[in-house]
Every structure is written in structure tokens, then in C-alpha cells.
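Shown next: protein_25.cif, given as mmCIF, C-alpha atoms.
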data_input
#
loop_
_atom_site.label_atom_id
_atom_site.label_comp_id
_atom_site.auth_asym_id
_atom_site.auth_seq_id
_atom_site.Cartn_x
_atom_site.Cartn_y
_atom_site.Cartn_z
CA MET A 1 9.73 -33.60 21.64
CA VAL A 2 6.48 -31.85 22.50
CA ILE A 3 6.71 -29.30 25.29
CA LYS A 4 3.80 -28.22 27.44
CA MET A 5 2.76 -24.89 26.00
CA LYS A 6 2.94 -21.81 28.20
CA GLN A 7 0.66 -18.87 27.63
CA ALA A 8 2.24 -15.96 25.80
CA THR A 9 2.47 -12.28 26.67
CA VAL A 10 1.28 -9.85 24.00
CA ILE A 11 3.15 -6.57 23.58
CA ILE A 12 1.64 -3.95 21.27
CA PRO A 13 4.24 -1.34 20.21
CA ALA A 14 2.50 1.99 19.60
CA ARG A 15 3.99 5.35 18.70
CA TYR A 16 2.22 8.63 18.08
CA ALA A 17 4.54 10.05 15.43
CA SER A 18 3.91 8.86 11.88
CA SER A 19 4.70 10.59 8.61
CA ARG A 20 1.60 9.16 6.90
CA PHE A 21 -0.90 9.16 9.78
CA GLN A 22 -0.05 11.23 12.84
CA GLY A 23 -1.62 9.89 16.04
CA LYS A 24 -2.84 6.72 14.33
CA PRO A 25 -3.25 4.62 17.53
CA LEU A 26 -5.76 7.15 18.85
CA ALA A 27 -7.90 7.30 15.70
CA LEU A 28 -11.51 6.43 16.42
CA ILE A 29 -13.04 3.45 14.62
CA SER A 30 -16.79 3.15 15.23
CA GLY A 31 -16.46 4.90 18.58
CA LYS A 32 -13.35 3.13 19.90
CA SER A 33 -9.71 4.08 19.54
CA MET A 34 -7.68 1.84 17.27
CA ILE A 35 -5.27 0.89 20.07
CA ARG A 36 -8.19 -0.13 22.28
CA ARG A 37 -9.60 -2.40 19.57
CA VAL A 38 -6.22 -4.10 19.13
CA TYR A 39 -5.79 -4.51 22.89
CA GLU A 40 -9.27 -5.94 23.48
CA ASN A 41 -8.95 -8.25 20.50
CA ALA A 42 -5.68 -9.68 21.82
CA GLN A 43 -7.29 -10.38 25.18
CA LYS A 44 -9.77 -12.79 23.56
CA ALA A 45 -7.16 -15.42 22.66
CA SER A 46 -6.98 -18.35 25.09
CA ALA A 47 -3.23 -18.66 24.51
CA ILE A 48 -2.63 -15.20 25.99
CA LYS A 49 -1.57 -14.64 29.58
CA ASP A 50 -1.34 -10.85 29.53
CA VAL A 51 -1.45 -7.84 27.18
CA PHE A 52 0.63 -4.66 27.35
CA ILE A 53 0.85 -1.54 25.19
CA ALA A 54 4.45 -0.32 24.76
CA THR A 55 4.55 3.37 23.89
CA ASP A 56 6.79 6.42 24.06
CA ASP A 57 3.88 8.87 24.15
CA GLU A 58 1.85 10.02 27.15
CA ARG A 59 -1.26 10.54 25.00
CA ILE A 60 -1.34 6.86 24.12
CA ALA A 61 -0.65 5.94 27.75
CA LYS A 62 -3.56 8.15 28.82
CA GLU A 63 -5.86 6.40 26.36
CA ALA A 64 -4.78 2.98 27.65
CA LYS A 65 -5.46 4.09 31.21
CA SER A 66 -8.95 5.30 30.21
CA PHE A 67 -10.09 1.79 29.25
CA GLY A 68 -8.11 -0.08 31.90
CA GLY A 69 -5.35 -1.25 29.58
CA LYS A 70 -1.88 -2.07 30.84
CA TYR A 71 0.91 0.00 29.35
CA ILE A 72 4.67 0.49 29.49
CA ILE A 73 6.45 3.78 28.77
CA THR A 74 9.50 3.12 26.60
CA SER A 75 12.31 5.11 25.02
CA THR A 76 11.72 7.42 22.06
CA LYS A 77 14.90 6.19 20.36
CA HIS A 78 13.83 2.73 19.18
CA LYS A 79 14.33 1.89 15.50
CA SER A 80 11.52 -0.67 15.36
CA GLY A 81 8.54 -2.12 17.18
CA THR A 82 10.60 -5.19 18.07
CA ASP A 83 13.22 -3.01 19.78
CA ARG A 84 10.42 -1.33 21.73
CA ALA A 85 8.97 -4.73 22.66
CA ALA A 86 12.38 -5.82 23.96
CA GLU A 87 12.56 -2.88 26.37
CA ALA A 88 8.98 -3.49 27.49
CA ALA A 89 9.72 -7.18 28.14
CA ASP A 90 12.59 -6.14 30.43
CA ILE A 91 10.40 -3.70 32.34
CA ILE A 92 7.64 -6.30 32.74
CA GLY A 93 10.22 -8.74 34.09
CA LEU A 94 9.66 -11.62 31.69
CA LYS A 95 11.98 -14.62 31.83
CA LYS A 96 14.28 -15.71 29.01
CA GLU A 97 12.12 -18.73 28.14
CA ASP A 98 8.85 -16.74 28.14
CA ILE A 99 7.05 -16.36 24.82
CA ILE A 100 6.20 -12.87 23.55
CA ILE A 101 3.86 -11.97 20.69
CA ASN A 102 4.42 -8.63 18.99
CA VAL A 103 0.99 -7.52 17.75
CA GLN A 104 0.71 -4.68 15.26
CA GLY A 105 -1.14 -1.67 16.62
CA ASP A 106 -2.57 -0.75 13.22
CA GLN A 107 -4.54 -3.96 12.62
CA PRO A 108 -7.61 -3.47 14.84
CA LEU A 109 -9.71 -6.13 13.11
CA PHE A 110 -7.27 -9.05 13.26
CA ASP A 111 -8.71 -12.48 14.13
CA PHE A 112 -7.54 -13.36 17.64
CA ARG A 113 -7.26 -17.05 16.68
CA CYS A 114 -4.08 -16.24 14.74
CA LEU A 115 -2.30 -15.57 18.05
CA THR A 116 -2.65 -19.23 18.98
CA GLU A 117 -1.33 -20.20 15.54
CA ILE A 118 1.79 -18.04 15.64
CA ILE A 119 3.14 -19.72 18.78
CA THR A 120 2.71 -23.30 17.52
CA PRO A 121 6.44 -23.64 16.56
CA PHE A 122 7.34 -23.24 20.22
CA LYS A 123 5.46 -26.45 21.14
CA THR A 124 8.44 -28.48 19.93
CA GLY A 125 11.10 -26.51 21.76
CA PHE A 126 11.75 -23.88 19.07
CA ASP A 127 13.72 -21.00 20.58
CA GLY A 128 13.64 -18.35 17.90
CA MET A 129 11.24 -16.10 16.02
CA SER A 130 8.06 -16.87 14.10
CA ALA A 131 6.11 -14.66 11.70
CA LEU A 132 2.56 -14.82 10.40
CA VAL A 133 1.70 -14.83 6.68
CA CYS A 134 -1.37 -15.52 4.56
CA ARG A 135 -1.90 -16.32 0.90
CA ILE A 136 -2.54 -13.28 -1.26
CA THR A 137 -5.94 -13.43 -2.96
CA LYS A 138 -6.17 -9.84 -4.20
CA PRO A 139 -3.97 -9.29 -7.28
CA GLU A 140 -3.33 -5.64 -6.40
CA GLU A 141 -1.56 -6.68 -3.19
CA ILE A 142 1.16 -8.42 -5.19
CA THR A 143 2.45 -5.09 -6.50
CA ASP A 144 1.48 -2.75 -3.64
CA PRO A 145 4.60 -1.81 -1.59
CA LYS A 146 2.61 -1.55 1.63
CA ASP A 147 1.83 -5.28 1.40
CA VAL A 148 5.03 -7.11 2.34
CA LYS A 149 5.66 -10.27 0.34
CA THR A 150 7.39 -13.32 1.82
CA VAL A 151 9.26 -16.30 0.40
CA PHE A 152 10.28 -19.29 2.51
CA ASP A 153 12.06 -22.61 2.12
CA LYS A 154 10.71 -26.16 2.08
CA ASN A 155 11.09 -26.36 5.86
CA GLY A 156 9.03 -23.23 6.43
CA PHE A 157 11.85 -20.83 7.27
CA ALA A 158 11.90 -17.34 5.78
CA LEU A 159 14.25 -16.66 2.87
CA TYR A 160 13.33 -13.00 2.40
CA PHE A 161 10.68 -10.34 2.96
CA SER A 162 10.17 -7.49 0.49
CA ARG A 163 7.88 -4.69 -0.56
CA ALA A 164 8.63 -5.80 -4.11
CA SER A 165 6.77 -8.61 -5.86
CA ILE A 166 8.64 -11.76 -4.88
CA PRO A 167 9.06 -14.31 -6.26
CA TYR A 168 9.33 -12.68 -9.67
CA ASP A 169 7.31 -14.70 -12.19
CA ARG A 170 9.73 -14.42 -15.13
CA ASP A 171 7.89 -16.77 -17.50
CA GLY A 172 4.38 -15.74 -16.48
CA LEU A 173 3.50 -19.15 -15.10
CA SER A 174 0.85 -17.64 -12.76
CA LEU A 175 1.14 -20.55 -10.36
CA ASN A 176 -1.69 -20.80 -7.87
CA ASN A 177 -1.03 -19.45 -4.37
CA THR A 178 2.51 -18.36 -5.24
CA TYR A 179 2.42 -15.12 -3.25
CA TYR A 180 2.27 -14.75 0.52
CA LYS A 181 1.70 -11.56 2.48
CA HIS A 182 3.35 -10.91 5.83
CA LEU A 183 0.82 -9.70 8.40
CA GLY A 184 3.40 -8.06 10.65
CA PHE A 185 2.85 -10.27 13.71
CA TYR A 186 5.86 -11.89 15.41
CA ALA A 187 6.44 -14.32 18.25
CA TYR A 188 9.72 -15.05 20.01
CA THR A 189 11.24 -16.14 23.27
CA LYS A 190 12.60 -13.32 25.39
CA ARG A 191 16.03 -14.88 24.92
CA PHE A 192 15.77 -14.41 21.15
CA LEU A 193 14.31 -10.92 21.55
CA GLU A 194 17.29 -9.83 23.64
CA LYS A 195 19.66 -11.13 20.95
CA PHE A 196 17.72 -9.31 18.21
CA ALA A 197 17.67 -6.00 20.09
CA SER A 198 21.44 -6.19 20.68
CA LEU A 199 22.17 -6.23 16.93
CA PRO A 200 22.83 -3.05 14.92
CA GLU A 201 20.20 -2.02 12.39
CA GLY A 202 20.80 -3.94 9.16
CA ASP A 203 21.38 -2.49 5.68
CA LEU A 204 18.43 -4.37 4.19
CA GLU A 205 16.30 -3.35 7.15
CA LYS A 206 17.09 0.30 6.45
CA ARG A 207 16.43 -0.04 2.74
CA GLU A 208 13.12 -1.89 2.88
CA LYS A 209 12.02 -0.47 6.26
CA LEU A 210 11.30 -4.00 7.46
CA GLU A 211 12.60 -4.85 10.93
CA GLN A 212 12.48 -8.64 10.43
CA LEU A 213 15.23 -8.37 7.80
CA ARG A 214 17.68 -7.61 10.62
CA ALA A 215 17.24 -11.17 11.85
CA LEU A 216 17.89 -12.64 8.40
CA GLU A 217 20.89 -10.37 7.75
CA TYR A 218 22.58 -11.68 10.90
CA GLY A 219 21.81 -15.32 10.14
CA LEU A 220 18.92 -15.81 12.56
CA LYS A 221 16.02 -18.08 11.62
CA ILE A 222 12.39 -16.98 11.23
CA LYS A 223 9.79 -19.74 11.19
CA ILE A 224 6.84 -18.92 8.92
CA VAL A 225 3.31 -19.73 10.11
CA VAL A 226 0.67 -19.67 7.36
CA THR A 227 -2.75 -18.54 8.54
CA SER A 228 -6.09 -18.32 6.77
CA TYR A 229 -7.00 -15.22 8.80
CA ASP A 230 -6.12 -12.14 6.77
CA SER A 231 -5.96 -8.84 8.62
CA PHE A 232 -6.98 -5.37 7.45
CA GLU A 233 -4.29 -2.77 8.06
CA ILE A 234 -4.89 0.92 8.80
CA ASP A 235 -2.27 2.75 6.78
CA LEU A 236 -3.94 6.08 5.93
CA PRO A 237 -6.82 8.13 7.41
CA SER A 238 -8.99 7.00 4.49
CA ASP A 239 -8.70 3.40 5.75
CA ILE A 240 -10.80 4.25 8.81
CA LYS A 241 -14.04 4.26 6.78
CA LYS A 242 -13.09 0.92 5.23
CA ALA A 243 -12.59 -0.56 8.69
CA GLU A 244 -15.91 0.81 9.90
CA LYS A 245 -17.63 -0.75 6.88
CA ILE A 246 -16.10 -4.14 7.75
CA ILE A 247 -17.29 -3.79 11.37
CA SER A 248 -20.79 -2.80 10.21
CA GLU A 249 -21.04 -5.77 7.85
CA LYS A 250 -19.82 -8.17 10.52
CA PHE A 251 -22.35 -6.81 13.03
CA GLN A 252 -25.17 -7.36 10.54
CA GLU A 253 -24.03 -10.96 9.95
CA GLU A 254 -24.08 -11.65 13.67
#

Please express what this file holds, its structure, as C-alpha cells.
Amino acid sequence: MVIKMKQATVIIPARYASSRFQGKPLALISGKSMIRRVYENAQKASAIKDVFIATDDERIAKEAKSFGGKYIITSTKHKSGTDRAAEAADIIGLKKEDIIINVQGDQPLFDFRCLTEIITPFKTGFDGMSALVCRITKPEEITDPKDVKTVFDKNGFALYFSRASIPYDRDGLSLNNTYYKHLGFYAYTKRFLEKFASLPEGDLEKREKLEQLRALEYGLKIKIVVTSYDSFEIDLPSDIKKAEKIISEKFQEE
């Protein structure tokens, strides 16, 4: 059964504290803050009804206000971005059947077309969680812990996410397109989000520092959506120059 698709609400969890890059959402990239670039990029997608920044820091809220962005002040106690998104969804007043997209605040150059892709499972009445992945084309990403690898079943549901290289190629078969990278974007109904946020932090979640593992640990399904739109992630201050180079090259092409 195909259901008429409703527009989704984007929530961008953003915190100031970070052990590797303090104040990352406010870092300037070619004259604009990173959080502003993410916000404005999300607004471009036709599938999006509204965009909100969910933060626990007044400095990020002040930045959002400076460019006319909508924001929600949330608790400082959340374990993950999804927990923060759940509180924000309550404050906004979204309904249980509403679709929410959790957009990573450290991927300012993501292709907005992927937001339409990630909600496609909901067209057939899916009432769970979807996650965005792309094929890994750079060999170094297979072994880099910051690039989260994903394996999924024949029906497109996640089996596991890990910072390790999975699946392990024991016999060195080097099969084409074996590895998939999780881009960190999620979509879910508010009903599912409430269920997720009510669960205790999982053991695997704590170990790998991957919030989506909480869903798998408690037997919840995650539908994988494969996209061709890779997304550059800002992890360290040195990544800012790389992002500016990408922007410069894109501007020259246009």
C-alpha cells in the first residue's frame, strides 16, 4: 500500500562541547558558520516542511537567531543526538505519525537530495527508523574508525554498525562494493522516536559510541537507504580547510 507522503521536519542536534573540536557548530567555513550551512542546506529539500536546530548551548542559539534560524533549547543531559531530537520533537508539538529527519550538524556540504531519499521507506506505511549509507570508494575509509561501516540483510534492514572493518574479508576476496559507510542521517516517525528515547543506553552503544546500536540491541528495525550522495564530515579543525577547498572547487564549476 502506497501512502501519500507528508513532508518531514528536520531536527539538527548541535552541542558546543566536544573533546576533539570544541564549539564545532560555530566554526566558520568560507564565511558562514557550520550550523548555518547545515540549516540552509536542509531547507533546500522539497520534502522538508520545517527545520529546527536542537541545542543545549546559548551560543549556538544566538548564532541561529542571527541568521533567522529556528531553534529549540534542550537538556544538557542527553546521551545522543537522537535523544535530543526526541525532546525537541515534543517541544515543537509534532504528532506521533509525523516524520522527523535527524541531520548531522557536522556535515555542512551534504547533498539536500538525500533527505528525500531517506524518507522513501515511509511511503509504504513503514513506522520505524531509516538510516542513510553510501558505498565506500576510498580504501582508507574501510579501516578508519571515524567512518562507520554498515552491514544489512537481503531485505535492506541493518544487521550491525561498527567503527571496525565489517564485513571482515577473511579470504581476501576483495568483492566489489562490499563496504558501506553510514552517513549519520536518520529518519523516523515521532512514535518510533519516543520509543527509542525511552530505552536505556545500550552496551554496544556505549562501546562503539554509536547511538543507532541502541535500536538494534533492543530488537528494533532500521531500514537502510543507499544513496549515491556521499557527505564530507567535519571531525577536526583541520577539516575546515578541506571543506573550503570543496566549496571553492564547486563554485568554479558553477

| message | I'd like to see the residues matched by the PyMOL selection byres ((chain A and resi 141-146) around 7) on this file, and ideally I'd get them as a PyMOL selection string. | response | chain A and resi 136+138-140+147-148+163-165

| query | For the atom pair atom CA of Met129 of chain A and atom CA of Ile91 of chain A, what is the interatomic distance in Å to one decimal place? | reply |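 If I compute the distance from atom CA of Met129 of chain A to atom CA of Ile91 of chain A, I get 20.5 Å.
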
| message | Just the number, please: distance in Å from atom CA of Ser130 of chain A to atom CA of Arg207 of chain A, one decimal. | response |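 Those two atoms sit 22.0 Å apart.
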
| request: Output the residue selection produced by the PyMOL selection byres ((chain A and resi 213) around 9) on the file above, formatted as number ranges by chain. | output: A: 160-162, 202-206, 208-212, 214-218

| task | Using only C-alpha atoms, determine which residues lie at most 8 Å from segment 41-44 of chain A, disregarding the query and same-chain residues fewer than 6 positions distant; provide the list as a list in words. | result |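 The filter keeps Val10, Asp50, Val51, Pro108, Leu109, Phe110, Asp111, Phe112 and Leu115 of chain A.
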
| message | Here is a test: counting all atoms listed in the file, which residue of A:Val38, A:Leu193, A:Ile166, A:Ile240 is nearest to Lys96 of chain A? | response |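 The closest residue to Lys96 of chain A is A:Leu193.
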
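Rounded to one decimal, atom CA of Pro167 of chain A and atom CA of Thr137 of chain A lie 15.4 Å from each other.
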
| said: Considering all atoms listed in the file, can you say which of A:Tyr16, A:Phe185, A:Phe67, A:Phe126 comes closest to Glu233 of chain A? | reply: A:Phe185

| query | When distances are computed from only C-alpha atoms, which of A:Val226, A:Ile99, A:Ala17, A:Ala85 shows the smallest separation from Ala158 of chain A? | reply | A:Val226
